[in-house]
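Structure first, commentary second.
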Amino acid sequence: LAKSTHVVRNQPGTELAAEAMPVQSYANVMRGVVKLSKVLEDGRQQIVGLQFAPDFLGRLYGKESAVTAEAASEVDLCRVPRAALEKLIADNPALEHRLMQQTLRELDEAREWMVTLGRKTASEKVASFLYLIATHLDPTTGDRRAFDLPLTRSDIADFLGLTIETVSRQLSKLRAERIVEITNNRHVEVPNLGRLKARCG
């Protein structure tokens with residue numbers, strides 16, 4: 001596999017894959033956050049997911065990309081040509097099994113997020129978003145986590161189905177209760193991950 005791969009660094013805002021475009025390669029996220037979105041005919045956008053290391057970017061055996069993928073932060077991708085990976089999968093059941101496990105994990109996470117969007121309050125949605133980012137971007141153990149928000153307030157609102165004002169209000173509330181500490185509007189510190197998780201509903 002290493003003979004066919006190459007690592008590419010992408011700056012925030014770089015389009016990594018375009019909806020309805022032919023799939024030429026697949027990739028593993030090595031570092032950073034990838035934003036997945038779909039666009040309606042009238043131009044409205046919906047963020048449908050986020051990907052983190054070591055997620056697999058691309059739909060195996062799909063002829064076209066089902067979503068638009070964009071680098072939400074600086075992202076390192078390990079890219080492999082579609083034909084090379086599909087041949088390796090055909091020859092290597094263990095690799096196929098590993099990719100299937102990852103796909104099923106992402107499906108489980110998508111179903112969990114459907115509950116967040118459909119049933120949780122605005123406060124619980126924002127707390128769930130921060131918990132998602134904290135547990136994926138800061139791999140340290142223990143209660144304290146720190147990270148930079150990979151999305152703008154507008155993108156967070158889009159992802160959660162809220163208004164920008166509601167997102168800002170809920171972030172301010174979490175900060176006032178000292179569940180999170182926010183500096184420069186982007187850097188977030190979570191003093192106690194358990195307290196944040198308790199706010200997720």
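By convention in this document, the chains of the structure tokens carry letters A, B, ... by their order, each chain's residues are numbered from 1, and ligands are numbered from 1 in the order they are shown.
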
Write out as a ChimeraX atom specification each polymer residue whose atoms come within 12 Å of A:Asn184, counting only C-alpha atoms; drop sequence neighbours fewer than 4 positions from it. /A:148-149,188-189

Limited to all heavy atoms, could you put the picked residues into a file as a compact mmCIF listing (two decimals), in the first residue's frame?
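Result went into again_18.txt, see below:
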# COMPACT_ATOMS: atom_id res chain seq x y z
N ASP A 148 -8.60 23.90 19.36
CA ASP A 148 -9.10 25.05 18.62
C ASP A 148 -10.34 24.62 17.84
O ASP A 148 -10.33 23.56 17.20
CB ASP A 148 -8.05 25.58 17.65
CG ASP A 148 -6.90 26.28 18.36
OD1 ASP A 148 -7.14 26.84 19.45
OD2 ASP A 148 -5.77 26.25 17.85
N LEU A 149 -11.38 25.42 17.88
CA LEU A 149 -12.60 25.10 17.14
C LEU A 149 -12.28 25.04 15.65
O LEU A 149 -11.75 26.00 15.08
CB LEU A 149 -13.67 26.15 17.39
CG LEU A 149 -14.38 26.10 18.74
CD1 LEU A 149 -15.28 27.32 18.91
CD2 LEU A 149 -15.19 24.81 18.88
N VAL A 188 -10.49 26.57 22.92
CA VAL A 188 -11.40 26.08 23.96
C VAL A 188 -10.63 25.17 24.90
O VAL A 188 -9.88 24.30 24.46
CB VAL A 188 -12.59 25.31 23.35
CG1 VAL A 188 -13.50 24.76 24.46
CG2 VAL A 188 -13.37 26.20 22.40
N GLU A 189 -10.83 25.37 26.19
CA GLU A 189 -10.29 24.45 27.20
C GLU A 189 -11.45 23.90 28.01
O GLU A 189 -12.36 24.64 28.39
CB GLU A 189 -9.28 25.17 28.10
CG GLU A 189 -8.02 25.57 27.36
CD GLU A 189 -6.90 26.01 28.29
OE1 GLU A 189 -6.87 25.53 29.44
OE2 GLU A 189 -6.07 26.81 27.84

For A:Val80, find every residue with an atom within 10 Å (counting only C-alpha atoms), except residues of its own chain fewer than 4 positions away, and show them as a PyMOL selection string. chain A and resi 1-7+24-28+84-86

Please produce a file of the residues just selected, as a tab-separated table (two decimals), in the first residue's frame, where the atoms kept are N, CA and C atoms.
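The resulting file, again21.tsv, is shown below:
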chain	number	residue	atom	x	y	z
A	1	LEU	N	0.83	-1.21	0.00
A	1	LEU	CA	0.00	0.00	0.00
A	1	LEU	C	0.86	1.26	0.00
A	2	ALA	N	1.98	1.21	0.74
A	2	ALA	CA	2.85	2.39	0.85
A	2	ALA	C	3.40	2.81	-0.52
A	3	LYS	N	3.56	1.86	-1.44
A	3	LYS	CA	4.09	2.19	-2.76
A	3	LYS	C	3.14	3.10	-3.55
A	4	SER	N	1.86	3.04	-3.21
A	4	SER	CA	0.86	3.78	-3.99
A	4	SER	C	0.37	5.05	-3.31
A	5	THR	N	0.76	5.26	-2.05
A	5	THR	CA	0.20	6.40	-1.30
A	5	THR	C	1.14	7.60	-1.29
A	6	HIS	N	0.56	8.76	-1.05
A	6	HIS	CA	1.35	9.96	-0.80
A	6	HIS	C	0.57	10.87	0.14
A	7	VAL	N	1.30	11.55	1.01
A	7	VAL	CA	0.68	12.43	2.00
A	7	VAL	C	0.62	13.85	1.45
A	24	GLN	N	-11.61	9.59	-7.98
A	24	GLN	CA	-10.32	9.21	-8.55
A	24	GLN	C	-9.40	8.57	-7.52
A	25	SER	N	-9.60	8.93	-6.25
A	25	SER	CA	-8.74	8.41	-5.19
A	25	SER	C	-9.50	8.38	-3.87
A	26	TYR	N	-8.93	7.65	-2.93
A	26	TYR	CA	-9.43	7.62	-1.56
A	26	TYR	C	-8.35	8.22	-0.66
A	27	ALA	N	-8.69	8.43	0.61
A	27	ALA	CA	-7.70	8.99	1.52
A	27	ALA	C	-8.00	8.63	2.96
A	28	ASN	N	-6.98	8.60	3.78
A	28	ASN	CA	-7.12	8.51	5.22
A	28	ASN	C	-6.76	9.87	5.81
A	84	ALA	N	-5.73	1.28	-7.19
A	84	ALA	CA	-4.73	0.59	-6.37
A	84	ALA	C	-5.35	0.05	-5.09
A	85	LEU	N	-6.19	0.86	-4.43
A	85	LEU	CA	-6.78	0.41	-3.18
A	85	LEU	C	-7.80	-0.70	-3.42
A	86	GLU	N	-8.62	-0.56	-4.45
A	86	GLU	CA	-9.64	-1.58	-4.71
A	86	GLU	C	-8.99	-2.92	-5.07

Close residues, A:Leu137 itself excluded, 9 Å, only C-alpha atoms, min 5 positions apart in chain, as a PyMOL selection string: chain A and resi 31-33+52-53+132+145-148

How about saving the chosen residues, N, CA and C atoms kept, as a PDB file, in the first residue's frame?
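File produced: result-v5.pdb:
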ATOM      1  N   ARG A  31      -4.433  14.002  10.034  1.00  0.00           N
ATOM      2  CA  ARG A  31      -4.453  15.095  11.017  1.00  0.00           C
ATOM      3  C   ARG A  31      -5.440  16.142  10.558  1.00  0.00           C
ATOM      4  N   GLY A  32      -6.124  16.763  11.514  1.00  0.00           N
ATOM      5  CA  GLY A  32      -7.043  17.836  11.170  1.00  0.00           C
ATOM      6  C   GLY A  32      -8.493  17.383  11.105  1.00  0.00           C
ATOM      7  N   VAL A  33      -9.350  18.281  10.615  1.00  0.00           N
ATOM      8  CA  VAL A  33     -10.790  18.036  10.564  1.00  0.00           C
ATOM      9  C   VAL A  33     -11.301  18.287   9.147  1.00  0.00           C
ATOM     10  N   PHE A  52     -12.285  12.952  11.298  1.00  0.00           N
ATOM     11  CA  PHE A  52     -11.057  13.172  12.047  1.00  0.00           C
ATOM     12  C   PHE A  52     -10.113  11.999  11.764  1.00  0.00           C
ATOM     13  N   ALA A  53      -8.852  12.146  12.169  1.00  0.00           N
ATOM     14  CA  ALA A  53      -7.928  11.010  12.076  1.00  0.00           C
ATOM     15  C   ALA A  53      -8.446   9.880  12.968  1.00  0.00           C
ATOM     16  N   LEU A 132     -17.773  16.226  21.133  1.00  0.00           N
ATOM     17  CA  LEU A 132     -17.309  15.525  19.927  1.00  0.00           C
ATOM     18  C   LEU A 132     -15.915  16.005  19.523  1.00  0.00           C
ATOM     19  N   ARG A 145      -9.132  18.906  28.643  1.00  0.00           N
ATOM     20  CA  ARG A 145      -8.879  18.858  27.204  1.00  0.00           C
ATOM     21  C   ARG A 145      -8.755  20.288  26.674  1.00  0.00           C
ATOM     22  N   ALA A 146      -8.009  20.449  25.568  1.00  0.00           N
ATOM     23  CA  ALA A 146      -7.843  21.758  24.937  1.00  0.00           C
ATOM     24  C   ALA A 146      -7.772  21.578  23.437  1.00  0.00           C
ATOM     25  N   PHE A 147      -8.403  22.502  22.706  1.00  0.00           N
ATOM     26  CA  PHE A 147      -8.429  22.402  21.245  1.00  0.00           C
ATOM     27  C   PHE A 147      -8.857  23.743  20.651  1.00  0.00           C
ATOM     28  N   ASP A 148      -8.601  23.901  19.360  1.00  0.00           N
ATOM     29  CA  ASP A 148      -9.103  25.053  18.618  1.00  0.00           C
ATOM     30  C   ASP A 148     -10.337  24.623  17.844  1.00  0.00           C
TER      31      ASP A 148
END

What does the structure give for the distance between atom CA of A:Glu64 and atom CA of A:Leu50, in Å to one decimal?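 According to the coordinates, atom CA of A:Glu64 and atom CA of A:Leu50 are separated by 19.2 Å.
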
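Of the listed residues A:Thr152, A:Thr141, A:Ser128, A:Thr116, the one whose atoms come nearest to A:Lys197 is A:Ser128, with distances taken using only C-alpha atoms.
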